[in-house]
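Structure data (mmCIF, N, CA and C atoms and all ligand atoms) from my_file15.cif:
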```cif
data_protein
#
loop_
_atom_site.label_atom_id
_atom_site.label_comp_id
_atom_site.auth_asym_id
_atom_site.auth_seq_id
_atom_site.Cartn_x
_atom_site.Cartn_y
_atom_site.Cartn_z
N MET A 266 -51.61 51.50 -48.65
CA MET A 266 -50.35 52.25 -48.67
C MET A 266 -50.18 53.02 -47.39
N SER A 267 -49.01 52.96 -46.81
CA SER A 267 -48.76 53.81 -45.67
C SER A 267 -47.33 54.32 -45.78
N ASN A 268 -46.99 55.27 -44.94
CA ASN A 268 -45.65 55.84 -44.99
C ASN A 268 -44.71 55.19 -43.99
N ARG A 269 -45.16 54.09 -43.41
CA ARG A 269 -44.32 53.41 -42.43
C ARG A 269 -43.07 52.88 -43.11
N ARG A 270 -41.96 52.97 -42.39
CA ARG A 270 -40.73 52.36 -42.86
C ARG A 270 -40.84 50.90 -42.52
N ARG A 271 -40.58 50.06 -43.49
CA ARG A 271 -40.58 48.65 -43.16
C ARG A 271 -39.28 48.31 -42.47
N PRO A 272 -39.27 47.21 -41.70
CA PRO A 272 -38.03 46.85 -41.01
C PRO A 272 -36.92 46.60 -42.02
N ALA A 273 -35.68 46.86 -41.59
CA ALA A 273 -34.53 46.76 -42.48
C ALA A 273 -34.41 45.37 -43.11
N ARG A 274 -34.64 44.36 -42.31
CA ARG A 274 -34.50 43.02 -42.84
C ARG A 274 -35.59 42.74 -43.87
N GLY A 275 -35.19 42.24 -45.02
CA GLY A 275 -36.17 41.91 -46.04
C GLY A 275 -36.69 43.13 -46.76
N ASN A 276 -36.08 44.28 -46.53
CA ASN A 276 -36.50 45.48 -47.25
C ASN A 276 -35.38 45.88 -48.20
N PRO A 277 -35.53 45.53 -49.49
CA PRO A 277 -34.44 45.78 -50.43
C PRO A 277 -34.14 47.26 -50.59
N TYR A 278 -35.12 48.15 -50.34
CA TYR A 278 -34.85 49.58 -50.44
C TYR A 278 -33.75 49.96 -49.46
N ARG A 279 -33.88 49.49 -48.23
CA ARG A 279 -32.91 49.87 -47.20
C ARG A 279 -31.63 49.06 -47.28
N THR A 280 -31.72 47.77 -47.58
CA THR A 280 -30.52 46.94 -47.55
C THR A 280 -29.74 47.01 -48.87
N GLU A 281 -30.43 47.32 -49.97
CA GLU A 281 -29.74 47.31 -51.27
C GLU A 281 -29.70 48.68 -51.93
N PHE A 282 -30.86 49.32 -52.06
CA PHE A 282 -30.86 50.59 -52.80
C PHE A 282 -29.97 51.64 -52.16
N LEU A 283 -30.11 51.82 -50.83
CA LEU A 283 -29.36 52.88 -50.15
C LEU A 283 -27.85 52.64 -50.14
N THR A 284 -27.43 51.43 -50.49
CA THR A 284 -26.00 51.15 -50.58
C THR A 284 -25.56 50.98 -52.05
N SER A 285 -26.47 51.24 -52.99
CA SER A 285 -26.17 51.01 -54.41
C SER A 285 -25.35 52.16 -55.01
N VAL A 286 -24.63 51.82 -56.08
CA VAL A 286 -23.87 52.82 -56.83
C VAL A 286 -24.83 53.88 -57.37
N ALA A 287 -25.99 53.45 -57.84
CA ALA A 287 -26.97 54.39 -58.42
C ALA A 287 -27.35 55.47 -57.40
N TRP A 288 -27.60 55.05 -56.16
CA TRP A 288 -28.00 56.04 -55.15
C TRP A 288 -26.84 56.95 -54.75
N HIS A 289 -25.64 56.38 -54.63
CA HIS A 289 -24.49 57.21 -54.26
C HIS A 289 -24.23 58.27 -55.34
N THR A 290 -24.38 57.86 -56.60
CA THR A 290 -24.18 58.78 -57.72
C THR A 290 -25.27 59.85 -57.73
N ARG A 291 -26.50 59.42 -57.50
CA ARG A 291 -27.63 60.36 -57.50
C ARG A 291 -27.49 61.38 -56.38
N ARG A 292 -27.09 60.86 -55.22
CA ARG A 292 -26.90 61.70 -54.04
C ARG A 292 -25.82 62.77 -54.30
N ALA A 293 -24.70 62.34 -54.88
CA ALA A 293 -23.61 63.27 -55.18
C ALA A 293 -24.08 64.33 -56.18
N ARG A 294 -24.88 63.90 -57.17
CA ARG A 294 -25.38 64.83 -58.18
C ARG A 294 -26.33 65.87 -57.54
N TRP A 295 -27.11 65.42 -56.55
CA TRP A 295 -28.02 66.34 -55.86
C TRP A 295 -27.23 67.46 -55.18
N PHE A 296 -26.15 67.10 -54.49
CA PHE A 296 -25.34 68.10 -53.79
C PHE A 296 -24.60 69.01 -54.77
N ARG A 297 -24.14 68.44 -55.90
CA ARG A 297 -23.47 69.27 -56.91
C ARG A 297 -24.43 70.31 -57.47
N ARG A 298 -25.68 69.88 -57.71
CA ARG A 298 -26.66 70.81 -58.26
C ARG A 298 -26.98 71.94 -57.26
N GLU A 299 -27.13 71.59 -56.00
CA GLU A 299 -27.36 72.61 -54.97
C GLU A 299 -26.21 73.61 -54.94
N ALA A 300 -24.98 73.08 -55.06
CA ALA A 300 -23.80 73.95 -55.05
C ALA A 300 -23.83 74.86 -56.28
N ALA A 301 -24.19 74.29 -57.43
CA ALA A 301 -24.25 75.07 -58.67
C ALA A 301 -25.31 76.17 -58.56
N LEU A 302 -26.39 75.87 -57.84
CA LEU A 302 -27.46 76.86 -57.64
C LEU A 302 -27.10 77.86 -56.55
N GLN A 303 -25.93 77.64 -55.94
CA GLN A 303 -25.41 78.50 -54.88
C GLN A 303 -26.37 78.65 -53.71
N ARG A 304 -27.03 77.53 -53.39
CA ARG A 304 -27.92 77.55 -52.23
C ARG A 304 -27.12 77.15 -51.01
N PRO A 305 -27.28 77.89 -49.92
CA PRO A 305 -26.59 77.48 -48.69
C PRO A 305 -27.13 76.13 -48.24
N LEU A 306 -26.21 75.23 -47.95
CA LEU A 306 -26.62 73.88 -47.56
C LEU A 306 -26.99 73.85 -46.09
N ARG A 307 -28.20 73.42 -45.81
CA ARG A 307 -28.61 73.31 -44.41
C ARG A 307 -29.65 72.21 -44.26
N CYS A 308 -29.78 71.73 -43.03
CA CYS A 308 -30.78 70.71 -42.73
C CYS A 308 -32.16 71.34 -42.83
N ALA A 309 -33.06 70.68 -43.55
CA ALA A 309 -34.40 71.23 -43.77
C ALA A 309 -35.25 71.20 -42.50
N ALA A 310 -34.84 70.42 -41.52
CA ALA A 310 -35.64 70.34 -40.29
C ALA A 310 -35.18 71.35 -39.24
N CYS A 311 -33.90 71.34 -38.90
CA CYS A 311 -33.44 72.23 -37.82
C CYS A 311 -32.85 73.53 -38.35
N GLY A 312 -32.64 73.59 -39.67
CA GLY A 312 -32.18 74.84 -40.28
C GLY A 312 -30.70 75.13 -40.10
N THR A 313 -29.97 74.20 -39.49
CA THR A 313 -28.55 74.42 -39.25
C THR A 313 -27.73 74.13 -40.50
N GLY A 314 -26.74 74.99 -40.79
CA GLY A 314 -25.85 74.77 -41.91
C GLY A 314 -25.09 73.46 -41.74
N ALA A 315 -24.84 72.77 -42.85
CA ALA A 315 -24.18 71.48 -42.77
C ALA A 315 -23.44 71.18 -44.06
N THR A 316 -22.56 70.19 -44.01
CA THR A 316 -21.83 69.75 -45.20
C THR A 316 -22.54 68.51 -45.76
N PRO A 317 -22.27 68.20 -47.04
CA PRO A 317 -22.90 67.00 -47.62
C PRO A 317 -22.66 65.75 -46.78
N ALA A 318 -21.45 65.64 -46.22
CA ALA A 318 -21.13 64.44 -45.43
C ALA A 318 -21.98 64.34 -44.17
N GLU A 319 -22.51 65.49 -43.72
CA GLU A 319 -23.31 65.49 -42.48
C GLU A 319 -24.79 65.27 -42.75
N LEU A 320 -25.16 65.21 -44.02
CA LEU A 320 -26.58 65.17 -44.35
C LEU A 320 -27.00 63.89 -45.06
N GLU A 321 -28.24 63.49 -44.81
CA GLU A 321 -28.87 62.42 -45.58
C GLU A 321 -29.92 63.06 -46.47
N LEU A 322 -30.35 62.36 -47.50
CA LEU A 322 -31.41 62.89 -48.35
C LEU A 322 -32.67 62.06 -48.14
N HIS A 323 -33.72 62.74 -47.68
CA HIS A 323 -35.01 62.09 -47.48
C HIS A 323 -35.78 62.05 -48.80
N HIS A 324 -36.43 60.93 -49.08
CA HIS A 324 -37.26 60.80 -50.28
C HIS A 324 -38.68 61.28 -50.00
N ARG A 325 -39.09 62.39 -50.63
CA ARG A 325 -40.49 62.81 -50.54
C ARG A 325 -41.34 61.85 -51.37
N SER A 326 -40.70 61.22 -52.32
CA SER A 326 -41.39 60.26 -53.18
C SER A 326 -40.40 59.17 -53.56
N TYR A 327 -40.91 57.95 -53.67
CA TYR A 327 -40.05 56.84 -54.11
C TYR A 327 -40.27 56.55 -55.59
N ALA A 328 -40.96 57.46 -56.28
CA ALA A 328 -41.32 57.23 -57.68
C ALA A 328 -40.10 56.95 -58.56
N GLY A 329 -38.96 57.60 -58.26
CA GLY A 329 -37.79 57.43 -59.11
C GLY A 329 -36.91 56.25 -58.72
N VAL A 330 -37.29 55.57 -57.63
CA VAL A 330 -36.49 54.43 -57.18
C VAL A 330 -36.96 53.18 -57.93
N LEU A 331 -36.12 52.70 -58.82
CA LEU A 331 -36.54 51.59 -59.68
C LEU A 331 -35.53 50.45 -59.62
N TYR A 332 -36.04 49.25 -59.81
CA TYR A 332 -35.19 48.07 -59.92
C TYR A 332 -35.48 47.45 -61.28
N GLN A 333 -34.51 47.62 -62.18
CA GLN A 333 -34.73 47.17 -63.55
C GLN A 333 -33.61 46.24 -63.99
N ASP A 334 -33.97 45.11 -64.55
CA ASP A 334 -32.98 44.16 -65.09
C ASP A 334 -31.87 43.88 -64.10
N GLY A 335 -32.25 43.73 -62.83
CA GLY A 335 -31.27 43.36 -61.81
C GLY A 335 -30.40 44.49 -61.32
N VAL A 336 -30.74 45.72 -61.70
CA VAL A 336 -29.93 46.87 -61.29
C VAL A 336 -30.83 47.95 -60.69
N TRP A 337 -30.35 48.55 -59.60
CA TRP A 337 -31.08 49.67 -59.01
C TRP A 337 -30.86 50.94 -59.82
N ARG A 338 -31.90 51.72 -59.97
CA ARG A 338 -31.79 52.99 -60.67
C ARG A 338 -32.38 54.09 -59.79
N ALA A 339 -31.74 55.25 -59.85
CA ALA A 339 -32.16 56.37 -59.01
C ALA A 339 -32.54 57.55 -59.90
N PHE A 340 -33.81 57.64 -60.23
CA PHE A 340 -34.31 58.70 -61.10
C PHE A 340 -35.15 59.71 -60.33
N GLU A 341 -34.81 59.96 -59.08
CA GLU A 341 -35.60 60.90 -58.27
C GLU A 341 -35.50 62.30 -58.86
N ARG A 342 -36.60 63.05 -58.78
CA ARG A 342 -36.56 64.45 -59.16
C ARG A 342 -35.81 65.22 -58.07
N HIS A 343 -35.13 66.28 -58.48
CA HIS A 343 -34.34 67.05 -57.52
C HIS A 343 -35.19 67.50 -56.32
N VAL A 344 -36.38 68.01 -56.60
CA VAL A 344 -37.23 68.56 -55.53
C VAL A 344 -37.78 67.48 -54.59
N ASP A 345 -37.66 66.22 -55.00
CA ASP A 345 -38.19 65.14 -54.16
C ASP A 345 -37.17 64.61 -53.16
N LEU A 346 -36.00 65.23 -53.12
CA LEU A 346 -34.98 64.85 -52.14
C LEU A 346 -34.75 66.02 -51.18
N THR A 347 -34.78 65.73 -49.91
CA THR A 347 -34.69 66.77 -48.87
C THR A 347 -33.52 66.49 -47.94
N PRO A 348 -32.60 67.47 -47.77
CA PRO A 348 -31.43 67.24 -46.92
C PRO A 348 -31.77 67.33 -45.43
N LEU A 349 -31.34 66.34 -44.68
CA LEU A 349 -31.60 66.30 -43.23
C LEU A 349 -30.42 65.66 -42.50
N HIS A 350 -30.13 66.14 -41.29
CA HIS A 350 -29.19 65.42 -40.44
C HIS A 350 -29.77 64.02 -40.18
N PRO A 351 -28.92 63.01 -39.99
CA PRO A 351 -29.45 61.68 -39.66
C PRO A 351 -30.43 61.73 -38.48
N TYR A 352 -30.07 62.49 -37.45
CA TYR A 352 -30.95 62.58 -36.26
C TYR A 352 -32.29 63.23 -36.60
N CYS A 353 -32.24 64.33 -37.36
CA CYS A 353 -33.47 65.02 -37.75
C CYS A 353 -34.30 64.15 -38.71
N HIS A 354 -33.59 63.39 -39.56
CA HIS A 354 -34.25 62.47 -40.50
C HIS A 354 -35.04 61.41 -39.73
N GLU A 355 -34.40 60.91 -38.67
CA GLU A 355 -35.05 59.91 -37.84
C GLU A 355 -36.32 60.48 -37.18
N LEU A 356 -36.20 61.73 -36.70
CA LEU A 356 -37.36 62.38 -36.08
C LEU A 356 -38.49 62.53 -37.09
N LEU A 357 -38.14 62.91 -38.33
CA LEU A 357 -39.15 63.08 -39.37
C LEU A 357 -39.89 61.76 -39.60
N HIS A 358 -39.13 60.66 -39.68
CA HIS A 358 -39.77 59.37 -39.91
C HIS A 358 -40.61 58.94 -38.73
N ARG A 359 -40.18 59.28 -37.52
CA ARG A 359 -40.99 58.95 -36.34
C ARG A 359 -42.32 59.69 -36.40
N LEU A 360 -42.26 60.97 -36.81
CA LEU A 360 -43.50 61.75 -36.95
C LEU A 360 -44.40 61.11 -38.00
N LEU A 361 -43.81 60.76 -39.13
CA LEU A 361 -44.59 60.17 -40.23
C LEU A 361 -45.22 58.85 -39.82
N GLU A 362 -44.50 58.07 -39.02
CA GLU A 362 -44.99 56.75 -38.66
C GLU A 362 -45.99 56.79 -37.52
N ARG A 363 -45.77 57.70 -36.59
CA ARG A 363 -46.59 57.67 -35.37
C ARG A 363 -47.85 58.50 -35.46
N ASP A 364 -47.89 59.48 -36.34
CA ASP A 364 -49.09 60.29 -36.49
C ASP A 364 -50.10 59.47 -37.29
N THR A 365 -51.25 59.22 -36.69
CA THR A 365 -52.21 58.32 -37.34
C THR A 365 -52.72 58.87 -38.66
N VAL A 366 -52.81 60.18 -38.77
CA VAL A 366 -53.28 60.76 -40.04
C VAL A 366 -52.16 60.71 -41.08
N LEU A 367 -50.98 61.19 -40.70
CA LEU A 367 -49.86 61.21 -41.66
C LEU A 367 -49.48 59.80 -42.12
N ALA A 368 -49.51 58.85 -41.20
CA ALA A 368 -49.10 57.48 -41.54
C ALA A 368 -50.02 56.86 -42.58
N ARG A 369 -51.28 57.31 -42.61
CA ARG A 369 -52.25 56.73 -43.55
C ARG A 369 -52.53 57.64 -44.73
N HIS A 370 -51.80 58.77 -44.78
CA HIS A 370 -52.00 59.72 -45.87
C HIS A 370 -51.69 59.04 -47.20
N ARG A 371 -52.56 59.25 -48.19
CA ARG A 371 -52.35 58.57 -49.47
C ARG A 371 -51.25 59.23 -50.30
N ASP A 372 -50.98 60.49 -49.99
CA ASP A 372 -49.96 61.22 -50.75
C ASP A 372 -48.70 61.36 -49.89
N ARG A 373 -47.68 60.59 -50.21
CA ARG A 373 -46.47 60.62 -49.38
C ARG A 373 -45.82 62.00 -49.36
N LYS A 374 -45.82 62.68 -50.51
CA LYS A 374 -45.20 64.01 -50.55
C LYS A 374 -45.89 64.96 -49.59
N ALA A 375 -47.21 64.96 -49.63
CA ALA A 375 -47.98 65.86 -48.77
C ALA A 375 -47.75 65.52 -47.30
N ALA A 376 -47.78 64.22 -46.98
CA ALA A 376 -47.56 63.79 -45.59
C ALA A 376 -46.17 64.21 -45.13
N SER A 377 -45.20 64.00 -46.01
CA SER A 377 -43.82 64.33 -45.71
C SER A 377 -43.67 65.84 -45.48
N ASP A 378 -44.29 66.64 -46.33
CA ASP A 378 -44.20 68.09 -46.20
C ASP A 378 -44.86 68.58 -44.90
N HIS A 379 -46.03 68.02 -44.57
CA HIS A 379 -46.70 68.38 -43.31
C HIS A 379 -45.81 68.08 -42.12
N ALA A 380 -45.25 66.87 -42.13
CA ALA A 380 -44.41 66.44 -41.00
C ALA A 380 -43.17 67.34 -40.90
N LEU A 381 -42.60 67.69 -42.05
CA LEU A 381 -41.39 68.52 -42.04
C LEU A 381 -41.68 69.92 -41.50
N ILE A 382 -42.81 70.48 -41.87
CA ILE A 382 -43.18 71.81 -41.36
C ILE A 382 -43.34 71.75 -39.84
N ARG A 383 -44.01 70.69 -39.37
CA ARG A 383 -44.23 70.53 -37.93
C ARG A 383 -42.89 70.38 -37.19
N LEU A 384 -42.02 69.56 -37.76
CA LEU A 384 -40.72 69.32 -37.14
C LEU A 384 -39.88 70.60 -37.14
N HIS A 385 -39.87 71.29 -38.28
CA HIS A 385 -39.09 72.53 -38.40
C HIS A 385 -39.57 73.55 -37.36
N THR A 386 -40.87 73.66 -37.21
CA THR A 386 -41.45 74.59 -36.22
C THR A 386 -41.00 74.20 -34.81
N ALA A 387 -41.06 72.91 -34.52
CA ALA A 387 -40.69 72.44 -33.18
C ALA A 387 -39.21 72.66 -32.89
N LEU A 388 -38.37 72.46 -33.91
CA LEU A 388 -36.92 72.53 -33.69
C LEU A 388 -36.38 73.95 -33.73
N THR A 389 -37.10 74.86 -34.39
CA THR A 389 -36.56 76.23 -34.55
C THR A 389 -37.30 77.26 -33.72
N ARG A 390 -38.29 76.81 -32.95
CA ARG A 390 -39.05 77.74 -32.11
C ARG A 390 -38.11 78.43 -31.13
N GLU A 391 -38.23 79.73 -31.07
CA GLU A 391 -37.36 80.47 -30.14
C GLU A 391 -37.83 80.30 -28.72
N ARG A 392 -36.86 80.05 -27.87
CA ARG A 392 -37.22 79.90 -26.46
C ARG A 392 -36.83 81.17 -25.70
N PRO A 393 -37.67 81.56 -24.74
CA PRO A 393 -37.39 82.79 -24.00
C PRO A 393 -36.13 82.67 -23.14
ZN ZN B 1 -31.05 68.94 -38.57
ZN ZN B 2 -36.56 59.64 -45.20
#
```
Go through the file and emit its structure as structure tokens.
Ligand SMILES: [Zn+2]
Ligand SMILES: [Zn+2]
Amino acid sequence: MSNRRRPARGNPYRTEFLTSVAWHTRRARWFRREAALQRPLRCAACGTGATPAELELHHRSYAGVLYQDGVWRAFERHVDLTPLHPYCHELLHRLLERDTVLARHRDRKAASDHALIRLHTALTRERP
């Protein structure tokens, strides 16, 4: 097991799940819940405020991503989805893929959290 993103071609997660009705519905529900909790919406990496349209949701775990009876299902736990700008999301995946320890980490959530802390620190560090 590794945290590497497989290439888009031949990867049903990227070519099918991310464009499925189930994921779009799940994604909308995630943002509604955040709004109901009255949490200010911001990118978890750079900390900048953003709108749902400006954010992607990163999967800390793919446990809820299921393909059953020919249909995709999105049963992710709320805490396992993390809002990120597309650019910041890409940086997070680069960190996850290129760091030899994180890429081979057996626990995707832990690897993801480590990478996010590192990225957040790098992006929000105050410069003199
Ligand atoms: Zn960001
Ligand atoms: Zn991601």
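With the cut-off set to 8 Å and all atoms listed in the file counted, the residues surrounding ligand ZN 1 (chain B) are Arg307, Cys308, Ala309, Ala310, Cys311, Gly312, Thr313, Gly314, Pro348, Leu349, His350, Pro351, Tyr352, Cys353 and His354 of chain A.
Taking CA of Arg325 in chain A and atom N of Lys374 in chain A as the two end points, the separation is 5.3 Å.
Comparing the minimum interatomic distances between ligand ZN 2 (chain B) and each of A:Glu299, A:Glu355, A:Glu341, A:Asp334, counting all atoms listed in the file, we find that A:Glu355 sits nearest.
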List the neighbours of Ala375 in chain A out to 12 Å using only C-alpha atoms; skip same-chain residues closer than 6 positions along the sequence, and give me the result as a PyMOL selection string.
-> chain A and resi 268+324-326+345+361+366-369+381-382
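Proximity of A:Val330, A:Leu322, A:Ala387, A:Leu346 to ligand ZN 2 (chain B), computed with only N, CA and C atoms and all ligand atoms, is greatest for A:Leu322.
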Among range 304-383 of chain A, which residues carry a DSSP assignment of helix (DSSP H, G or I), reported as a VMD selection string?
-> chain A and resid 317 to 319 343 to 345 351 to 363 365 to 369 373 to 383
DSSP strand (DSSP E or B) residues within chain A, as a ChimeraX atom specification = /A:307,314,321-324,330-333,336-339,346-349
